[in-house]
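Dropping my_file.cif in here (mmCIF, C-alpha atoms):
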```cif
data_upload
#
loop_
_atom_site.label_atom_id
_atom_site.label_comp_id
_atom_site.auth_asym_id
_atom_site.auth_seq_id
_atom_site.Cartn_x
_atom_site.Cartn_y
_atom_site.Cartn_z
CA MET J 1 -60.15 21.93 -27.20
CA SER J 2 -59.23 25.40 -28.41
CA LYS J 3 -61.42 27.12 -30.98
CA THR J 4 -60.37 27.65 -34.58
CA ALA J 5 -60.92 31.02 -36.25
CA LEU J 6 -60.62 31.71 -39.98
CA VAL J 7 -59.82 35.36 -40.72
CA THR J 8 -60.08 36.75 -44.24
CA GLY J 9 -57.96 39.85 -44.73
CA ILE J 10 -55.60 38.82 -41.94
CA THR J 11 -52.75 40.89 -43.39
CA GLY J 12 -54.75 44.13 -43.12
CA GLN J 13 -54.89 46.52 -40.19
CA ASP J 14 -57.91 44.90 -38.52
CA GLY J 15 -56.80 41.38 -39.36
CA SER J 16 -53.46 41.85 -37.64
CA TYR J 17 -55.01 43.18 -34.43
CA LEU J 18 -57.72 40.51 -34.45
CA ALA J 19 -55.15 37.75 -34.95
CA GLU J 20 -53.20 39.01 -31.92
CA LEU J 21 -56.37 39.03 -29.81
CA LEU J 22 -57.41 35.53 -30.86
CA LEU J 23 -53.94 34.12 -30.20
CA GLU J 24 -54.02 35.64 -26.72
CA LYS J 25 -57.30 33.82 -26.14
CA GLY J 26 -55.82 30.49 -27.18
CA TYR J 27 -57.37 30.17 -30.64
CA ARG J 28 -55.91 28.32 -33.56
CA VAL J 29 -55.82 31.18 -36.08
CA VAL J 30 -55.96 30.55 -39.82
CA GLY J 31 -55.62 33.52 -42.16
CA MET J 32 -56.87 33.52 -45.73
CA THR J 33 -54.88 35.65 -48.17
CA ARG J 34 -54.82 36.09 -51.92
CA ARG J 35 -51.84 34.58 -53.69
CA THR J 36 -49.55 37.41 -54.81
CA SER J 37 -46.02 37.69 -56.16
CA THR J 38 -44.98 39.88 -53.22
CA ASP J 39 -44.82 39.20 -49.50
CA ALA J 40 -47.61 41.25 -47.90
CA HIS J 41 -47.23 39.97 -44.33
CA GLU J 42 -45.66 43.12 -42.87
CA ARG J 43 -48.43 43.75 -40.32
CA ILE J 44 -48.38 40.16 -39.02
CA GLU J 45 -44.65 39.53 -39.32
CA HIS J 46 -44.31 39.37 -35.52
CA ILE J 47 -46.94 36.59 -35.24
CA VAL J 48 -46.62 34.89 -38.62
CA ASP J 49 -45.09 31.78 -37.02
CA ASP J 50 -48.11 31.47 -34.72
CA VAL J 51 -50.81 31.56 -37.40
CA GLU J 52 -51.56 29.37 -40.40
CA ILE J 53 -51.80 31.07 -43.79
CA VAL J 54 -53.92 29.57 -46.56
CA SER J 55 -54.34 30.89 -50.09
CA GLY J 56 -57.86 31.74 -51.19
CA ASP J 57 -59.84 34.33 -53.10
CA LEU J 58 -63.19 35.98 -52.38
CA LEU J 59 -63.78 35.97 -56.15
CA ASP J 60 -63.54 32.17 -56.28
CA GLN J 61 -66.38 30.20 -54.67
CA SER J 62 -64.59 26.85 -54.90
CA SER J 63 -61.48 28.08 -53.09
CA ILE J 64 -63.55 29.49 -50.21
CA THR J 65 -65.61 26.31 -49.88
CA SER J 66 -62.47 24.13 -49.97
CA ILE J 67 -60.72 26.20 -47.29
CA ILE J 68 -63.71 26.09 -44.93
CA SER J 69 -64.06 22.33 -45.51
CA GLU J 70 -60.38 21.76 -44.68
CA VAL J 71 -59.99 24.23 -41.79
CA ARG J 72 -63.37 23.51 -40.13
CA PRO J 73 -63.41 26.79 -38.20
CA ASP J 74 -65.68 27.53 -35.27
CA GLU J 75 -65.71 31.20 -36.23
CA ILE J 76 -65.14 33.13 -39.46
CA TYR J 77 -64.28 36.83 -39.49
CA ASN J 78 -64.75 38.32 -42.97
CA LEU J 79 -62.51 41.39 -42.97
CA ALA J 80 -61.31 41.18 -46.58
CA ALA J 81 -62.64 43.79 -49.00
CA GLN J 82 -61.63 46.47 -51.47
CA SER J 83 -61.69 48.94 -48.60
CA PHE J 84 -60.22 52.18 -49.99
CA VAL J 85 -63.26 54.37 -50.66
CA PRO J 86 -61.75 56.63 -53.38
CA ALA J 87 -60.65 53.56 -55.38
CA SER J 88 -64.24 52.32 -55.45
CA TRP J 89 -65.17 55.02 -57.99
CA SER J 90 -62.39 53.98 -60.38
CA GLN J 91 -62.99 50.25 -59.75
CA PRO J 92 -66.73 49.94 -58.98
CA VAL J 93 -67.21 46.47 -60.47
CA LEU J 94 -64.18 44.98 -58.70
CA THR J 95 -65.32 46.64 -55.45
CA GLY J 96 -68.70 44.97 -55.86
CA GLU J 97 -67.14 41.57 -56.56
CA PHE J 98 -64.98 41.63 -53.43
CA THR J 99 -66.94 43.72 -50.99
CA ALA J 100 -70.48 42.60 -51.86
CA LEU J 101 -70.48 39.25 -53.68
CA GLY J 102 -67.48 38.05 -51.67
CA VAL J 103 -69.68 38.08 -48.56
CA THR J 104 -72.29 35.96 -50.33
CA ARG J 105 -69.68 33.41 -51.38
CA VAL J 106 -68.49 32.98 -47.78
CA LEU J 107 -72.06 32.66 -46.47
CA GLU J 108 -72.89 30.10 -49.16
CA ALA J 109 -69.82 28.08 -48.24
CA ILE J 110 -70.82 28.12 -44.55
CA ARG J 111 -74.35 27.02 -45.42
CA HIS J 112 -73.11 24.04 -47.41
CA VAL J 113 -70.11 22.98 -45.29
CA ASP J 114 -71.22 23.59 -41.69
CA PRO J 115 -74.16 25.86 -40.75
CA ALA J 116 -72.97 25.83 -37.11
CA ILE J 117 -70.00 28.10 -37.95
CA ARG J 118 -70.34 31.59 -36.45
CA PHE J 119 -69.82 34.38 -38.99
CA TYR J 120 -68.78 38.00 -38.51
CA GLN J 121 -69.16 40.49 -41.36
CA ALA J 122 -67.22 43.75 -41.31
CA SER J 123 -69.89 46.32 -42.15
CA SER J 124 -69.09 50.02 -42.36
CA SER J 125 -70.38 53.43 -41.31
CA GLU J 126 -69.97 54.41 -44.98
CA MET J 127 -73.31 52.62 -45.47
CA PHE J 128 -75.00 55.57 -43.72
CA GLY J 129 -73.47 58.02 -46.20
CA LYS J 130 -75.79 61.00 -46.54
CA VAL J 131 -77.09 60.50 -43.04
CA VAL J 132 -80.82 60.70 -42.30
CA GLU J 133 -80.34 61.01 -38.53
CA THR J 134 -77.56 61.88 -36.08
CA PRO J 135 -76.09 59.98 -34.34
CA GLN J 136 -76.33 56.81 -36.41
CA ARG J 137 -77.48 53.61 -34.72
CA GLU J 138 -78.44 50.07 -35.74
CA THR J 139 -81.88 51.18 -36.94
CA THR J 140 -80.71 54.19 -38.98
CA PRO J 141 -81.53 53.76 -42.71
CA PHE J 142 -78.61 53.49 -45.11
CA TYR J 143 -77.90 56.10 -47.79
CA PRO J 144 -74.45 55.15 -49.17
CA ARG J 145 -72.56 57.74 -51.20
CA SER J 146 -69.83 55.64 -52.84
CA PRO J 147 -69.59 52.30 -54.67
CA TYR J 148 -67.79 51.04 -51.54
CA GLY J 149 -70.69 52.07 -49.29
CA VAL J 150 -73.20 50.47 -51.67
CA ALA J 151 -71.20 47.22 -51.74
CA LYS J 152 -70.94 47.18 -47.94
CA ALA J 153 -74.71 47.68 -47.68
CA TYR J 154 -75.24 44.68 -49.96
CA GLY J 155 -72.94 42.52 -47.84
CA HIS J 156 -74.67 43.71 -44.66
CA TRP J 157 -78.16 42.86 -45.88
CA MET J 158 -77.00 39.54 -47.30
CA THR J 159 -75.69 38.66 -43.83
CA VAL J 160 -79.08 39.54 -42.34
CA ASN J 161 -80.81 37.53 -45.06
CA TYR J 162 -78.76 34.37 -44.46
CA ARG J 163 -79.30 34.70 -40.70
CA GLU J 164 -83.07 34.93 -41.14
CA SER J 165 -83.40 32.49 -44.06
CA TYR J 166 -81.08 29.69 -42.95
CA ASP J 167 -80.80 30.29 -39.19
CA LEU J 168 -77.06 30.90 -39.42
CA TYR J 169 -75.19 32.64 -36.61
CA ALA J 170 -74.28 35.56 -38.85
CA CYS J 171 -73.81 39.11 -37.57
CA SER J 172 -72.37 42.42 -38.71
CA GLY J 173 -70.36 45.01 -36.88
CA ILE J 174 -71.18 48.43 -38.30
CA CYS J 175 -67.78 49.87 -37.53
CA PHE J 176 -67.12 53.58 -37.73
CA ASN J 177 -63.67 54.77 -38.81
CA HIS J 178 -60.93 53.05 -36.84
CA GLU J 179 -57.27 53.78 -37.31
CA SER J 180 -53.79 52.91 -36.06
CA GLN J 181 -50.14 53.09 -37.02
CA ARG J 182 -50.84 49.96 -39.11
CA ARG J 183 -53.25 51.83 -41.39
CA SER J 184 -52.21 52.00 -45.06
CA LYS J 185 -50.79 55.34 -46.13
CA GLU J 186 -53.46 56.00 -48.77
CA PHE J 187 -56.04 56.51 -45.99
CA VAL J 188 -56.32 60.15 -44.94
CA THR J 189 -55.41 59.65 -41.28
CA ARG J 190 -52.18 57.81 -42.03
CA LYS J 191 -51.46 60.14 -44.94
CA ILE J 192 -51.63 62.99 -42.42
CA THR J 193 -49.42 61.40 -39.76
CA ASP J 194 -46.86 60.19 -42.29
CA GLY J 195 -46.84 63.63 -43.91
CA VAL J 196 -46.43 65.41 -40.57
CA ALA J 197 -43.54 63.11 -39.67
CA ARG J 198 -41.84 63.86 -43.00
CA ILE J 199 -42.22 67.61 -42.47
CA LYS J 200 -40.90 67.25 -38.91
CA LEU J 201 -37.80 65.44 -40.16
CA GLY J 202 -37.20 67.79 -43.10
CA LEU J 203 -38.19 65.17 -45.69
CA ALA J 204 -41.13 67.20 -47.05
CA ASN J 205 -42.40 70.78 -46.88
CA GLU J 206 -46.11 70.41 -47.64
CA LEU J 207 -49.08 68.09 -47.14
CA ARG J 208 -51.74 67.90 -49.85
CA LEU J 209 -55.26 67.02 -48.69
CA GLY J 210 -58.87 67.14 -49.88
CA ASN J 211 -61.91 68.17 -47.83
CA LEU J 212 -60.79 69.32 -44.37
CA ASP J 213 -64.37 69.82 -43.19
CA ALA J 214 -65.56 66.20 -43.43
CA HIS J 215 -66.36 64.85 -39.95
CA ARG J 216 -65.76 61.28 -38.80
CA ASP J 217 -66.11 59.25 -35.62
CA TRP J 218 -62.54 57.96 -35.28
CA GLY J 219 -61.47 55.18 -32.91
CA PHE J 220 -58.54 52.80 -32.40
CA ALA J 221 -58.54 49.60 -34.46
CA GLY J 222 -57.29 47.54 -31.51
CA ASP J 223 -60.42 48.47 -29.56
CA TYR J 224 -62.73 47.61 -32.46
CA VAL J 225 -61.48 44.06 -33.02
CA ARG J 226 -62.34 43.34 -29.38
CA ALA J 227 -65.95 44.19 -30.24
CA MET J 228 -65.82 41.84 -33.24
CA TRP J 229 -64.83 38.95 -31.02
CA LEU J 230 -67.45 39.80 -28.40
CA MET J 231 -70.21 39.70 -31.04
CA LEU J 232 -69.50 36.05 -31.80
CA GLN J 233 -69.62 35.07 -28.11
CA GLN J 234 -73.28 36.09 -27.58
CA PRO J 235 -76.22 33.66 -27.23
CA ARG J 236 -77.75 34.90 -30.51
CA ALA J 237 -76.46 36.78 -33.51
CA GLN J 238 -77.20 40.50 -33.67
CA ASP J 239 -75.78 43.51 -35.48
CA TYR J 240 -74.01 46.27 -33.56
CA VAL J 241 -72.74 49.79 -34.22
CA ILE J 242 -69.17 50.17 -32.99
CA ALA J 243 -68.13 53.79 -32.50
CA THR J 244 -66.74 56.27 -29.97
CA GLY J 245 -69.72 58.65 -30.04
CA ARG J 246 -67.43 61.61 -30.75
CA THR J 247 -66.92 63.26 -34.13
CA HIS J 248 -64.00 65.34 -35.37
CA SER J 249 -63.17 67.03 -38.64
CA VAL J 250 -60.19 66.20 -40.82
CA ARG J 251 -59.02 69.69 -39.85
CA ASP J 252 -59.07 68.66 -36.16
CA PHE J 253 -56.97 65.60 -36.98
CA VAL J 254 -54.46 67.73 -38.89
CA ARG J 255 -54.26 70.38 -36.16
CA ILE J 256 -53.56 67.86 -33.39
CA ALA J 257 -51.06 65.94 -35.52
CA PHE J 258 -49.00 69.10 -36.15
CA GLU J 259 -49.19 70.02 -32.46
CA VAL J 260 -48.00 66.54 -31.38
CA ALA J 261 -45.02 66.90 -33.71
CA GLY J 262 -44.19 70.31 -32.24
CA LEU J 263 -44.67 72.09 -35.56
CA GLY J 264 -47.22 74.66 -34.43
CA SER J 265 -49.89 75.76 -36.90
CA PHE J 266 -50.59 73.47 -39.85
CA GLU J 267 -51.67 76.29 -42.17
CA PRO J 268 -48.22 77.05 -43.70
CA TYR J 269 -47.86 73.40 -44.72
CA VAL J 270 -51.29 72.13 -45.79
CA VAL J 271 -52.39 72.57 -49.41
CA MET J 272 -56.00 71.91 -50.48
CA ASP J 273 -55.86 69.69 -53.58
CA PRO J 274 -59.12 69.15 -55.56
CA ARG J 275 -57.83 65.76 -56.76
CA PHE J 276 -58.50 64.36 -53.29
CA VAL J 277 -62.13 65.54 -53.03
CA ARG J 278 -64.71 62.76 -53.40
CA PRO J 279 -67.33 62.92 -56.21
CA ALA J 280 -70.03 62.54 -53.52
CA GLU J 281 -68.90 63.46 -50.01
CA VAL J 282 -70.01 61.99 -46.71
CA ASP J 283 -70.06 65.06 -44.50
CA MET J 284 -70.87 63.87 -40.98
CA LEU J 285 -70.60 60.47 -39.31
CA ILE J 286 -71.04 59.87 -35.59
CA GLY J 287 -72.10 56.56 -34.10
CA ASP J 288 -74.26 55.55 -31.15
CA ALA J 289 -72.67 52.41 -29.69
CA SER J 290 -74.93 52.26 -26.64
CA LYS J 291 -76.28 48.83 -27.65
CA ALA J 292 -72.74 47.40 -27.85
CA CYS J 293 -71.88 49.03 -24.53
CA ARG J 294 -75.00 47.65 -22.88
CA GLU J 295 -75.08 44.12 -24.34
CA LEU J 296 -71.42 43.38 -25.08
CA GLY J 297 -69.85 45.35 -22.25
CA TRP J 298 -67.70 47.07 -24.88
CA GLU J 299 -66.28 50.56 -24.76
CA PRO J 300 -63.27 52.17 -26.43
CA LYS J 301 -60.10 52.53 -24.36
CA ILE J 302 -58.10 54.86 -26.63
CA ASP J 303 -59.55 58.34 -27.25
CA PHE J 304 -59.13 60.53 -30.32
CA GLU J 305 -56.25 62.64 -29.01
CA GLN J 306 -54.34 59.53 -27.88
CA LEU J 307 -54.92 57.91 -31.27
CA VAL J 308 -53.53 60.86 -33.23
CA ALA J 309 -50.51 61.12 -30.93
CA MET J 310 -49.82 57.38 -31.17
CA MET J 311 -49.89 57.48 -34.97
CA VAL J 312 -47.72 60.60 -35.31
CA GLU J 313 -45.11 59.31 -32.86
CA ALA J 314 -44.98 55.92 -34.60
CA ASP J 315 -44.40 57.54 -38.01
CA ILE J 316 -41.70 59.86 -36.64
CA ALA J 317 -39.95 56.86 -35.02
CA ARG J 318 -40.25 54.78 -38.21
CA LEU J 319 -38.86 57.47 -40.49
CA SER J 320 -36.12 58.41 -38.00
CA ALA J 321 -35.00 54.79 -37.81
CA ARG J 322 -34.95 54.53 -41.60
CA ALA J 323 -32.92 57.73 -41.90
CA GLY J 324 -30.41 56.45 -39.37
CA ALA J 325 -30.12 52.99 -40.91
#
```
This entry written out as structure tokens:
Amino acid sequence: MSKTALVTGITGQDGSYLAELLLEKGYRVVGMTRRTSTDAHERIEHIVDDVEIVSGDLLDQSSITSIISEVRPDEIYNLAAQSFVPASWSQPVLTGEFTALGVTRVLEAIRHVDPAIRFYQASSSEMFGKVVETPQRETTPFYPRSPYGVAKAYGHWMTVNYRESYDLYACSGICFNHESQRRSKEFVTRKITDGVARIKLGLANELRLGNLDAHRDWGFAGDYVRAMWLMLQQPRAQDYVIATGRTHSVRDFVRIAFEVAGLGSFEPYVVMDPRFVRPAEVDMLIGDASKACRELGWEPKIDFEQLVAMMVEADIARLSARAGA
């Protein structure tokens, strides 16, 4: 019998890559999405006939419990959240409802429906925030610097609490920044590669950005979902940092993106815009994934330079195809 996986946030970047991985492994894949008036299946359009889509809402306990009762999954991957950090300042309460309390609602449903279900929570390096040690590992204290980071810390500790209180197989992947050509354009990495592609094709003449000196540990989303799956295959539930162990500035990302596009120096094109500077910045994130490497046998396959090139080339191809259509 094949396993059944329920994936919240299946239409997002991570959800689409995870669904592909699970289908390759023979899973029955069920994706939970919020009911909307628009079709938001763009990222999973190529596999939409191979997955089952059910309508549910992390704000609604009864809908989550009903879905889990009907689907009877072996594994649940909770990837859904209000995940755009800047929006968490303008919508702090909604961010808390989805990103913090939403985790609790899923855990409660598991506890009541079937405590044998294995649960993965998508935790975030934003929980480390104003870091107290470098690099950051599983034992590093949290110091979140945004409503999003605070909400993620709540969800993380609630996962630990349910694991220890009710003996659930519940674990968190503390994932550092992971990107791809499927990333939404409001995120800085995709904003950069889309902007570079537009400048390359003569569709724009400038790129407005915030803090170029913020440093992040950037990896490829397709690598990170492999770690998520591996976590739920272990004899006991544990939390893991998932990262590349290398950090780069936003400026590094911009520089390489312009070089990949053959545009030379980025300085004539990039404009520093105070509107895009966070109220409280996270200056330096770099993860130590040695535990995941040692216990899961996981390591990233795509490096930073390959990631930037992949994203720039995909945006140039996309915009070129649209221009020629």
query: Written as a PyMOL selection string, which residues does the PyMOL selection byres ((chain J and resi 301-311) around 12) give for the file shown?
result: chain J and resi 177-185+189-197+216-224+226-227+243-250+252-262+298-300+312-318
field: Computed interatomic separation between CA of Tyr77 in chain J and CA of Gly287 in chain J (Å)
entry: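 About the pair CA of Tyr77 in chain J and CA of Gly287 in chain J: they are 21.9 Å apart.
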- prompt: Of the residues J:Asp57, J:Glu108, J:Glu133, J:Asp50, which is the one nearest to Ile286 in chain J, using all atoms listed in the file?
  reply: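 For Ile286 in chain J, the nearest of the candidates is J:Glu133.
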message: One decimal, in Å: what's the spacing between CA of His156 in chain J and CA of Gly26 in chain J?
response: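 So the answer is 28.9 Å.
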message: as a list in words, please: the residues near Thr4 in chain J (cut-off 12 Å, all atoms listed in the file, same-chain neighbours under 6 positions excluded).
response: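 Returned residues: Ala19, Leu22, Leu23, Lys25, Gly26, Tyr27, Arg28, Val29, Val30, Gly31, Val51, Glu52, Ile68, Glu70, Val71, Arg72, Pro73, Asp74, Glu75, Ile76, Tyr77, Ile117 and Arg118 of chain J.
When you apply the PyMOL selection byres ((chain J and resi 271) around 10) to this structure, what comes back is Glu206, Leu207, Arg208, Leu209, Gly210, Phe266, Glu267, Pro268, Tyr269, Val270, Met272, Asp273 and Pro274 of chain J.
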